[in-house]
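K.L.:
Structure supplied as upload-v4.cif; contents: mmCIF, C-alpha atoms.
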data_input
#
loop_
_atom_site.label_atom_id
_atom_site.label_comp_id
_atom_site.auth_asym_id
_atom_site.auth_seq_id
_atom_site.Cartn_x
_atom_site.Cartn_y
_atom_site.Cartn_z
CA VAL K 1199 39.65 250.21 -32.74
CA VAL K 1200 39.87 249.74 -28.99
CA ALA K 1201 42.58 251.34 -26.92
CA ARG K 1202 44.12 249.39 -24.10
CA PRO K 1203 45.70 250.73 -20.93
CA GLY K 1204 49.38 251.23 -21.50
CA HIS K 1205 49.04 252.54 -25.04
CA SER K 1206 50.97 255.74 -25.52
CA ALA K 1207 49.42 259.01 -26.61
CA ARG K 1208 50.98 258.44 -30.06
CA THR K 1209 49.17 255.15 -30.67
CA ILE K 1210 45.95 256.73 -29.46
CA LEU K 1211 46.34 259.53 -32.00
CA GLN K 1212 47.06 256.97 -34.73
CA ALA K 1213 43.93 255.13 -33.66
CA VAL K 1214 41.94 258.32 -33.94
CA ALA K 1215 43.37 258.98 -37.39
CA LEU K 1216 42.35 255.48 -38.46
CA SER K 1217 38.84 255.87 -37.15
CA SER K 1218 36.93 257.45 -39.93
CA LYS K 1219 34.04 256.70 -42.24
CA SER K 1220 34.78 254.23 -45.02
CA GLY K 1221 35.52 255.38 -48.55
CA LEU K 1222 37.57 258.25 -49.99
CA SER K 1223 37.55 261.70 -48.59
CA ARG K 1224 36.03 264.46 -50.65
CA GLY K 1225 39.46 265.85 -51.50
CA ARG K 1226 40.63 262.52 -52.85
CA LYS K 1227 37.52 262.20 -54.99
CA VAL K 1228 38.00 265.65 -56.49
CA MET K 1229 41.63 264.88 -57.27
CA LEU K 1230 40.76 261.57 -58.97
CA SER K 1231 38.07 263.26 -61.09
CA ALA K 1232 40.50 265.98 -62.11
CA LEU K 1233 43.15 263.41 -63.07
CA GLY K 1234 40.59 261.48 -65.09
CA MET K 1235 39.52 264.57 -67.00
CA LEU K 1236 43.15 265.51 -67.65
CA ALA K 1237 43.86 262.06 -69.05
CA ALA K 1238 40.80 262.25 -71.28
CA GLY K 1239 41.80 265.71 -72.47
CA GLY K 1240 45.31 264.51 -73.19
CA ALA K 1241 44.03 261.59 -75.22
CA GLY K 1242 41.75 263.90 -77.19
CA LEU K 1243 44.68 266.21 -77.94
CA ALA K 1244 46.78 263.29 -79.15
CA VAL K 1245 44.02 262.24 -81.54
CA ALA K 1246 43.61 265.79 -82.88
CA LEU K 1247 47.34 266.20 -83.41
CA HIS K 1248 47.60 262.86 -85.17
CA SER K 1249 45.14 263.98 -87.81
CA ALA K 1250 47.03 267.21 -88.54
CA VAL K 1251 49.34 267.42 -91.54
CA SER K 1252 52.95 266.95 -90.50
CA ALA K 1253 55.60 269.03 -92.22
CA SER K 1254 58.20 266.35 -92.89
CA ASP K 1255 56.22 263.60 -94.61
CA LEU K 1256 53.30 265.27 -96.30
CA GLU K 1257 50.06 263.37 -96.18
CA LEU K 1258 46.64 264.70 -97.05
CA HIS K 1259 44.05 263.07 -94.84
CA PRO K 1260 40.68 262.57 -96.46
CA PRO K 1261 37.64 264.31 -94.98
CA SER K 1262 34.82 262.38 -93.32
CA TYR K 1263 31.93 261.89 -95.67
CA PRO K 1264 28.44 261.40 -94.24
CA TRP K 1265 28.00 257.78 -95.32
CA SER K 1266 24.45 256.57 -94.81
CA HIS K 1267 25.82 253.59 -92.87
CA SER K 1268 27.85 255.70 -90.45
CA GLY K 1269 25.46 255.72 -87.51
CA PHE K 1270 25.65 252.95 -84.94
CA LEU K 1271 22.11 251.95 -85.86
CA SER K 1272 22.52 252.47 -89.62
CA SER K 1273 22.67 249.59 -92.06
CA LEU K 1274 24.40 249.60 -95.44
CA ASP K 1275 22.47 250.90 -98.43
CA HIS K 1276 21.96 247.65 -100.32
CA THR K 1277 20.87 249.35 -103.57
CA SER K 1278 24.22 251.12 -103.44
CA ILE K 1279 26.00 247.80 -102.80
CA ARG K 1280 24.36 246.41 -105.95
CA ARG K 1281 25.53 249.34 -108.06
CA GLY K 1282 28.95 249.17 -106.43
CA PHE K 1283 29.27 245.52 -107.38
CA GLN K 1284 28.55 246.47 -110.99
CA VAL K 1285 31.32 249.06 -110.83
CA TYR K 1286 33.71 246.50 -109.37
CA LYS K 1287 32.85 243.88 -111.95
CA GLN K 1288 32.90 246.14 -115.01
CA VAL K 1289 35.74 248.49 -114.10
CA CYS K 1290 37.94 247.28 -111.26
CA SER K 1291 38.03 243.51 -111.65
CA SER K 1292 40.19 243.73 -114.77
CA CYS K 1293 43.08 244.48 -112.42
CA HIS K 1294 41.91 243.81 -108.88
CA SER K 1295 40.76 240.42 -107.69
CA MET K 1296 38.61 239.52 -104.72
CA ASP K 1297 39.52 236.04 -103.70
CA PHE K 1298 37.23 235.67 -100.72
CA VAL K 1299 33.95 236.83 -102.21
CA ALA K 1300 31.88 234.40 -104.21
CA TYR K 1301 28.76 235.08 -106.27
CA ARG K 1302 26.70 233.17 -103.73
CA HIS K 1303 27.66 235.75 -101.08
CA LEU K 1304 25.72 238.36 -103.03
CA VAL K 1305 22.45 236.43 -102.67
CA GLY K 1306 20.20 238.16 -100.19
CA VAL K 1307 22.53 241.15 -100.09
CA CYS K 1308 22.09 242.75 -103.50
CA TYR K 1309 20.99 239.99 -105.89
CA THR K 1310 18.45 237.16 -105.89
CA GLU K 1311 19.74 233.64 -106.30
CA ASP K 1312 18.65 233.51 -109.94
CA GLU K 1313 20.35 236.82 -110.66
CA ALA K 1314 23.56 235.65 -109.01
CA LYS K 1315 23.53 232.44 -111.04
CA ALA K 1316 22.99 234.45 -114.21
CA LEU K 1317 25.94 236.68 -113.35
CA ALA K 1318 28.20 233.73 -112.76
CA ALA K 1319 27.02 232.15 -115.99
CA GLU K 1320 28.03 235.27 -117.92
CA VAL K 1321 31.59 234.93 -116.74
CA TRP K 1322 31.91 231.39 -118.02
CA GLY K 1323 30.30 232.49 -121.25
CA LEU K 1324 29.07 228.98 -121.90
CA GLY K 1325 25.71 229.35 -120.15
CA MET K 1326 26.94 226.93 -117.49
CA PRO K 1327 27.48 228.46 -114.07
CA GLY K 1328 30.13 226.85 -111.90
CA THR K 1329 27.93 224.94 -109.52
CA GLN K 1330 28.61 222.44 -106.87
CA ASP K 1331 25.63 220.71 -105.33
CA GLY K 1332 23.48 223.38 -106.94
CA ARG K 1333 25.28 226.26 -105.24
CA VAL K 1334 27.13 228.86 -107.26
CA VAL K 1335 30.78 228.73 -106.31
CA MET K 1336 32.40 230.94 -108.93
CA ARG K 1337 34.70 233.35 -107.23
CA LEU K 1338 35.03 237.00 -108.12
CA SER K 1339 38.59 236.82 -109.25
CA VAL K 1340 40.77 237.15 -112.27
CA ALA K 1341 42.29 233.83 -113.22
CA GLY K 1342 45.60 233.83 -111.44
CA GLY K 1343 44.41 236.54 -109.07
CA GLY K 1344 46.07 239.81 -108.25
CA SER K 1345 46.72 242.81 -110.42
CA ARG K 1346 47.58 242.03 -114.03
CA ARG K 1347 49.55 245.19 -114.45
CA GLY K 1348 51.55 244.30 -111.38
CA GLY K 1349 50.42 247.49 -109.74
CA GLY K 1350 50.21 245.86 -106.36
CA ARG K 1351 47.38 245.44 -103.96
CA ALA K 1352 44.77 248.09 -103.36
CA ASP K 1353 45.50 249.71 -100.01
CA LEU K 1354 42.22 249.91 -98.14
CA HIS K 1355 43.58 251.07 -94.78
CA GLY K 1356 41.81 254.42 -94.87
CA GLY K 1357 38.36 252.97 -95.44
CA GLU K 1358 35.59 254.47 -97.54
CA ASP K 1359 36.66 258.07 -96.98
CA TYR K 1360 40.14 257.34 -98.31
CA ILE K 1361 39.04 255.34 -101.36
CA PHE K 1362 36.36 257.90 -102.26
CA SER K 1363 38.84 260.76 -101.99
CA LEU K 1364 41.43 258.84 -103.96
CA LEU K 1365 39.07 257.95 -106.79
CA THR K 1366 37.70 261.50 -107.11
CA GLY K 1367 40.93 263.26 -106.21
CA TYR K 1368 43.10 262.92 -109.29
CA CYS K 1369 44.41 266.33 -110.35
CA GLU K 1370 47.34 268.08 -112.00
CA PRO K 1371 50.55 267.96 -109.97
CA PRO K 1372 51.46 271.27 -108.29
CA THR K 1373 54.33 273.41 -109.57
CA GLY K 1374 57.68 271.87 -108.82
CA VAL K 1375 56.45 268.29 -108.83
CA SER K 1376 57.20 266.04 -111.76
CA LEU K 1377 56.37 262.37 -112.03
CA ARG K 1378 58.07 259.69 -114.01
CA GLU K 1379 56.35 257.95 -116.87
CA GLY K 1380 53.54 255.64 -115.79
CA LEU K 1381 52.75 257.42 -112.53
CA TYR K 1382 49.83 259.75 -111.89
CA PHE K 1383 49.50 262.49 -109.31
CA ASN K 1384 47.00 261.88 -106.54
CA PRO K 1385 47.20 264.02 -103.39
CA TYR K 1386 45.67 261.32 -101.17
CA PHE K 1387 48.08 258.57 -102.12
CA PRO K 1388 51.10 258.29 -99.79
CA GLY K 1389 53.95 259.82 -101.78
CA GLN K 1390 51.38 261.38 -104.16
CA ALA K 1391 52.49 259.24 -107.12
CA ILE K 1392 50.15 256.35 -107.93
CA ALA K 1393 50.56 253.73 -110.66
CA MET K 1394 46.83 253.43 -111.22
CA ALA K 1395 45.46 255.73 -113.91
CA PRO K 1396 42.18 257.49 -113.01
CA PRO K 1397 39.88 254.47 -113.23
CA ILE K 1398 36.45 256.07 -113.17
CA TYR K 1399 34.83 258.92 -115.03
CA THR K 1400 31.24 259.88 -115.73
CA ASP K 1401 29.41 257.21 -117.76
CA VAL K 1402 32.27 254.71 -117.70
CA LEU K 1403 29.46 252.22 -117.12
CA GLU K 1404 25.67 252.10 -116.99
CA PHE K 1405 23.82 251.12 -113.84
CA ASP K 1406 21.08 248.56 -114.27
CA ASP K 1407 18.69 250.68 -112.15
CA GLY K 1408 19.14 253.73 -114.35
CA THR K 1409 20.91 255.88 -111.77
CA PRO K 1410 22.98 258.54 -113.53
CA ALA K 1411 26.53 257.21 -113.53
CA THR K 1412 28.42 260.35 -112.59
CA MET K 1413 31.95 259.94 -111.33
CA SER K 1414 31.04 260.80 -107.75
CA GLN K 1415 28.03 258.45 -107.79
CA ILE K 1416 30.23 255.64 -109.10
CA ALA K 1417 32.84 256.31 -106.43
CA LYS K 1418 30.24 256.37 -103.66
CA ASP K 1419 28.68 253.09 -104.76
CA VAL K 1420 31.94 251.22 -105.20
CA CYS K 1421 33.06 252.37 -101.74
CA THR K 1422 29.82 251.09 -100.23
CA PHE K 1423 30.33 247.78 -102.04
CA LEU K 1424 33.88 247.55 -100.70
CA ARG K 1425 32.68 248.28 -97.19
CA TRP K 1426 30.26 245.37 -97.52
CA ALA K 1427 32.88 243.10 -99.08
CA SER K 1428 35.34 243.75 -96.29
CA GLU K 1429 32.69 243.57 -93.56
CA PRO K 1430 29.73 241.44 -94.67
CA GLU K 1431 28.63 241.09 -91.05
CA HIS K 1432 28.17 244.89 -90.80
CA ASP K 1433 24.38 244.96 -90.56
CA HIS K 1434 24.26 241.95 -88.23
CA ARG K 1435 26.91 243.48 -86.01
CA LYS K 1436 24.91 246.66 -85.54
CA ARG K 1437 21.72 244.73 -84.86
CA MET K 1438 23.57 242.82 -82.17
CA GLY K 1439 24.95 246.10 -80.84
CA LEU K 1440 21.44 247.47 -80.44
CA LYS K 1441 20.32 244.33 -78.60
CA MET K 1442 23.39 244.58 -76.38
CA LEU K 1443 22.64 248.20 -75.51
CA MET K 1444 19.05 247.40 -74.70
CA MET K 1445 20.06 244.55 -72.41
CA MET K 1446 22.70 246.68 -70.72
CA ALA K 1447 20.20 249.46 -70.18
CA LEU K 1448 18.26 247.04 -67.99
CA LEU K 1449 21.08 245.06 -66.40
CA VAL K 1450 23.54 247.81 -65.52
CA PRO K 1451 21.22 249.90 -63.33
CA LEU K 1452 19.93 246.69 -61.74
CA ILE K 1453 23.39 245.38 -60.90
CA TYR K 1454 24.52 248.79 -59.74
CA THR K 1455 21.57 249.05 -57.38
CA ILE K 1456 22.17 245.57 -55.98
CA LYS K 1457 25.85 246.28 -55.45
CA ARG K 1458 25.15 249.56 -53.69
CA HIS K 1459 22.51 247.86 -51.57
CA LYS K 1460 24.87 245.13 -50.42
CA TRP K 1461 27.75 247.48 -49.79
CA SER K 1462 25.63 249.99 -47.91
CA VAL K 1463 26.27 247.94 -44.79
CA LEU K 1464 30.00 248.56 -44.92
CA LYS K 1465 29.83 252.00 -46.51
CA SER K 1466 27.73 253.35 -43.68
CA ARG K 1467 29.89 251.76 -41.00
CA LYS K 1468 31.21 254.12 -38.39
CA LEU K 1469 34.13 253.34 -36.11
CA ALA K 1470 34.39 255.14 -32.79
CA TYR K 1471 37.22 255.30 -30.34
CA ARG K 1472 36.09 255.21 -26.76
CA PRO K 1473 38.86 255.93 -24.29
CA PRO K 1474 38.88 253.74 -21.25
CA LYS K 1475 37.53 255.38 -18.08
CA LEU O 465 13.47 256.20 -110.43
CA GLY O 466 15.73 257.90 -112.90
CA ALA O 467 17.44 261.13 -113.68
CA SER O 468 14.15 263.00 -113.76
CA SER O 469 13.51 262.47 -110.05
CA PHE O 470 16.72 264.18 -109.04
CA PRO O 471 16.67 267.86 -109.86
CA TYR O 472 20.41 268.23 -109.29
CA LEU O 473 21.45 265.42 -111.60
CA LEU O 474 21.51 266.00 -115.33
CA TRP O 475 23.14 263.63 -117.77
CA GLN O 476 26.87 264.27 -117.99
CA PHE O 477 26.85 266.76 -115.12
CA ASP O 478 28.65 265.54 -112.06
CA PRO O 479 27.40 267.28 -108.89
CA LEU O 480 30.97 267.06 -107.64
CA THR O 481 32.02 269.74 -110.12
CA THR O 482 29.25 272.10 -109.00
CA VAL O 483 29.85 271.54 -105.30
CA ARG O 484 33.59 272.07 -105.71
CA GLU O 485 32.99 275.35 -107.56
CA GLN O 486 30.68 276.52 -104.78
CA CYS O 487 33.14 275.55 -102.08
CA GLU O 488 36.02 277.27 -103.82
CA GLN O 489 34.20 280.59 -103.25
CA LEU O 490 34.55 280.25 -99.47
CA GLU O 491 36.97 282.67 -97.88
CA LYS O 492 39.25 279.94 -96.55
CA CYS O 493 39.53 278.40 -100.02
CA VAL O 494 40.05 281.72 -101.76
CA LYS O 495 42.91 282.54 -99.37
CA ALA O 496 44.44 279.10 -99.83
CA GLN O 497 44.16 279.46 -103.60
CA GLU O 498 45.95 282.82 -103.41
CA ARG O 499 48.77 281.26 -101.41
CA LEU O 500 48.96 278.46 -103.93
CA ASP O 501 49.15 280.92 -106.82
CA LEU O 502 51.91 282.85 -105.05
CA CYS O 503 53.83 279.64 -104.53
CA ASP O 504 53.40 278.71 -108.20
CA GLU O 505 54.85 282.07 -109.25
CA HIS O 506 57.70 281.77 -106.77
CA VAL O 507 58.70 278.25 -107.81
CA CYS O 508 58.31 279.02 -111.53
CA SER O 509 60.61 282.01 -111.20
CA GLN O 510 63.38 279.95 -109.67
CA SER O 511 65.65 278.26 -112.19
CA HIS O 512 67.13 275.69 -109.85
CA THR O 513 65.04 274.76 -106.84
CA GLU O 514 63.98 271.76 -104.87
CA GLU O 515 60.84 273.55 -103.73
CA ASP O 516 57.40 272.54 -104.74
CA CYS O 517 53.89 273.65 -103.89
CA THR O 518 52.56 270.39 -102.51
CA GLY O 519 51.98 271.87 -99.06
CA GLU O 520 50.03 274.80 -100.43
CA LEU O 521 47.99 272.49 -102.64
CA PHE O 522 47.20 270.33 -99.62
CA ASP O 523 46.05 273.34 -97.63
CA PHE O 524 43.73 274.34 -100.45
CA LEU O 525 42.37 270.81 -100.91
CA HIS O 526 41.91 270.36 -97.16
CA ALA O 527 39.81 273.52 -96.98
CA ARG O 528 37.79 272.60 -100.06
CA ASP O 529 37.33 268.97 -98.98
CA HIS O 530 35.81 269.91 -95.67
CA CYS O 531 33.14 271.96 -97.44
CA VAL O 532 32.56 269.40 -100.21
CA ALA O 533 32.18 266.52 -97.76
CA HIS O 534 29.31 268.34 -96.05
CA LYS O 535 27.36 268.98 -99.22
CA LEU O 536 28.15 266.39 -101.87
CA PHE O 537 26.18 263.39 -100.64
CA ASN O 538 22.97 265.45 -100.56
CA ASN O 539 23.21 265.47 -104.34
CA LEU O 540 23.95 261.78 -104.78
CA LYS O 541 21.62 258.84 -104.65
#
Could you write out this structure as structure tokens?
P.N.:
Amino acid sequence: VVARPGHSARTILQAVALSSKSGLSRGRKVMLSALGMLAAGGAGLAVALHSAVSASDLELHPPSYPWSHSGFLSSLDHTSIRRGFQVYKQVCSSCHSMDFVAYRHLVGVCYTEDEAKALAAEVWGLGMPGTQDGRVVMRLSVAGGGSRRGGGRADLHGGEDYIFSLLTGYCEPPTGVSLREGLYFNPYFPGQAIAMAPPIYTDVLEFDDGTPATMSQIAKDVCTFLRWASEPEHDHRKRMGLKMLMMMALLVPLIYTIKRHKWSVLKSRKLAYRPPK
Amino acid sequence: LGASSFPYLLWQFDPLTTVREQCEQLEKCVKAQERLDLCDEHVCSQSHTEEDCTGELFDFLHARDHCVAHKLFNNLK
């Protein structure tokens, strides 16, 4: 900023106002930080309110269970996946199909290749697994797919917490609530009237590893299996996440330092107004 | 590995039942149960009513769930 002869006092004052160090003033920075915190607080409040029970359309939200695979570095419990598959196959598959999971997908996850072939062979009942080029291609589905009883598709939107709560949550309807024939009361199901009868109870099946098959154990294992089935890349994803974090831990400080170094030239620039003599 | 290595698991005994019983002793659950019982009485005594006790049941279950969720998995494999 250089003032020329003939400039009025007003332009000189403007020039002075424009001559300042680069960057935001302290007041501006404080205001931006406060706005940021307010926005974050508001978002947090919205999340908390969303999970509260609303009066008009009653919905009981399931609690958060401490699944062993919850942490961002935690893999799935593969022994649990194996038991969960047994639950699915022996209890659930009579009504619920799984069109996108094949027996070969279980290899390396919870069964060896020979075990998977043996399982597939059982289904055919002829001792001949469905193989194509030596790979087991039998799919885990009921012929014709879908629910035989026409009960509709299993709603998995709430994840493991929801399914676990649903499976273990069957109880007597409260006073004043009556259900028509064929429906069962379940507080976690939207509308509280579910067509599926309580599917699991203690010892409904036997686990091949001898784990006591209590209702809650069965529910936990089948939920873990479903988590794997819906997200088979789970373990790989978290491994990649760890690698990503490690790389970022190196790159981000480095890039930040370089940026600050380059910009220091401009950020430390000072502009001075020198009135003409 | 079998039932013998888990002191909390006996054949036929579901830890869920035990944990729920423990959690129902908590003050929050006891109070919610009382409100539920009151509601039951109230609705039963009415001859024609649209009321039901779903809300009170939910409050009780919500309180019990929170406690159960903390403890249950410690007793499962």
K.L.:
Grab the atom CA of K:Ala1319 to atom CA of K:Val1305 distance for me, in Å with one decimal place.
P.N.:
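Atom CA of K:Val1305 lies 14.7 Å from atom CA of K:Ala1319.
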K.L.:
Return as JSON lines the residues of chain K lying at most 7 Å from chain O, together with the closest atom-to-atom pair for each and the distance in Å to one decimal, counting all atoms listed in the file, with rows in chain order and ascending residue number.
P.N.:
{"residue": "K:Leu1258", "atom": "CA", "partner": "O:Phe522", "partner_atom": "CA", "distance": 6.2}
{"residue": "K:Pro1261", "atom": "CA", "partner": "O:His530", "partner_atom": "CA", "distance": 5.9}
{"residue": "K:Ser1262", "atom": "CA", "partner": "O:Ala533", "partner_atom": "CA", "distance": 6.6}
{"residue": "K:Tyr1263", "atom": "CA", "partner": "O:Ala533", "partner_atom": "CA", "distance": 5.1}
{"residue": "K:Pro1372", "atom": "CA", "partner": "O:Cys517", "partner_atom": "CA", "distance": 5.6}
{"residue": "K:Thr1373", "atom": "CA", "partner": "O:Asp504", "partner_atom": "CA", "distance": 5.6}
{"residue": "K:Gly1374", "atom": "CA", "partner": "O:Asp516", "partner_atom": "CA", "distance": 4.1}
{"residue": "K:Val1375", "atom": "CA", "partner": "O:Asp516", "partner_atom": "CA", "distance": 6.0}
{"residue": "K:Thr1400", "atom": "CA", "partner": "O:Gln476", "partner_atom": "CA", "distance": 6.6}
{"residue": "K:Gly1408", "atom": "CA", "partner": "O:Gly466", "partner_atom": "CA", "distance": 5.6}
{"residue": "K:Thr1409", "atom": "CA", "partner": "O:Gly466", "partner_atom": "CA", "distance": 5.7}
{"residue": "K:Pro1410", "atom": "CA", "partner": "O:Ala467", "partner_atom": "CA", "distance": 6.1}
{"residue": "K:Thr1412", "atom": "CA", "partner": "O:Asp478", "partner_atom": "CA", "distance": 5.2}
{"residue": "K:Met1413", "atom": "CA", "partner": "O:Asp478", "partner_atom": "CA", "distance": 6.5}
{"residue": "K:Ser1414", "atom": "CA", "partner": "O:Leu480", "partner_atom": "CA", "distance": 6.3}
{"residue": "K:Gln1415", "atom": "CA", "partner": "O:Leu540", "partner_atom": "CA", "distance": 6.1}
K.L.:
What does the structure give for the distance between atom CA of K:Ile1456 and atom CA of K:Leu1469, in Å to one decimal?
P.N.:
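Atom-to-atom, atom CA of K:Ile1456 to atom CA of K:Leu1469, that is 24.5 Å.
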K.L.:
Quick one: pull the distance between atom CA of K:Gly1380 and atom CA of O:Arg484, Å, one decimal.
P.N.:
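Between atom CA of K:Gly1380 and atom CA of O:Arg484 the gap is 27.7 Å.
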K.L.:
Leaving out K:Leu1381 and any residue of its chain fewer than 5 positions from it, which residues lie within 12 Å of it when counting all atoms listed in the file, given as a list in words?
P.N.:
Gly1349, Tyr1368, Glu1370, Pro1371, Ser1376, Phe1387, Gly1389, Gln1390, Ala1391, Ile1392, Ala1393, Met1394, Ala1395 and Pro1396 of chain K
K.L.:
K:Pro1451, K:Gly1356, K:Gly1282, K:Pro1430: which is nearest K:Glu1404, counting only C-alpha atoms?
P.N.:
K:Gly1282
K.L.:
Taking the file as I've supplied it (selection: the PyMOL selection byres ((chain K and resi 1265-1269) around 9)), which residues are included? Please answer as an NGL selection string.
P.N.:
(:K and (1262-1264 or 1270-1275 or 1358-1359 or 1418 or 1422)) or (:O and (537))
K.L.:
Name all residues at most 8 Å from K:Ile1398 (count all atoms listed in the file; drop same-chain ones fewer than 3 positions away) and give them as a PDB file with C-alpha atoms, in the frame of the given file.
P.N.:
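File result-v4.pdb, as written:
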ATOM      1  CA  VAL K1289      35.740 248.490-114.100  1.00  0.00           C
ATOM      2  CA  LEU K1365      39.070 257.950-106.790  1.00  0.00           C
ATOM      3  CA  VAL K1402      32.270 254.710-117.700  1.00  0.00           C
ATOM      4  CA  MET K1413      31.950 259.940-111.330  1.00  0.00           C
ATOM      5  CA  ILE K1416      30.230 255.640-109.100  1.00  0.00           C
ATOM      6  CA  ALA K1417      32.840 256.310-106.430  1.00  0.00           C
TER       7      ALA K1417
END
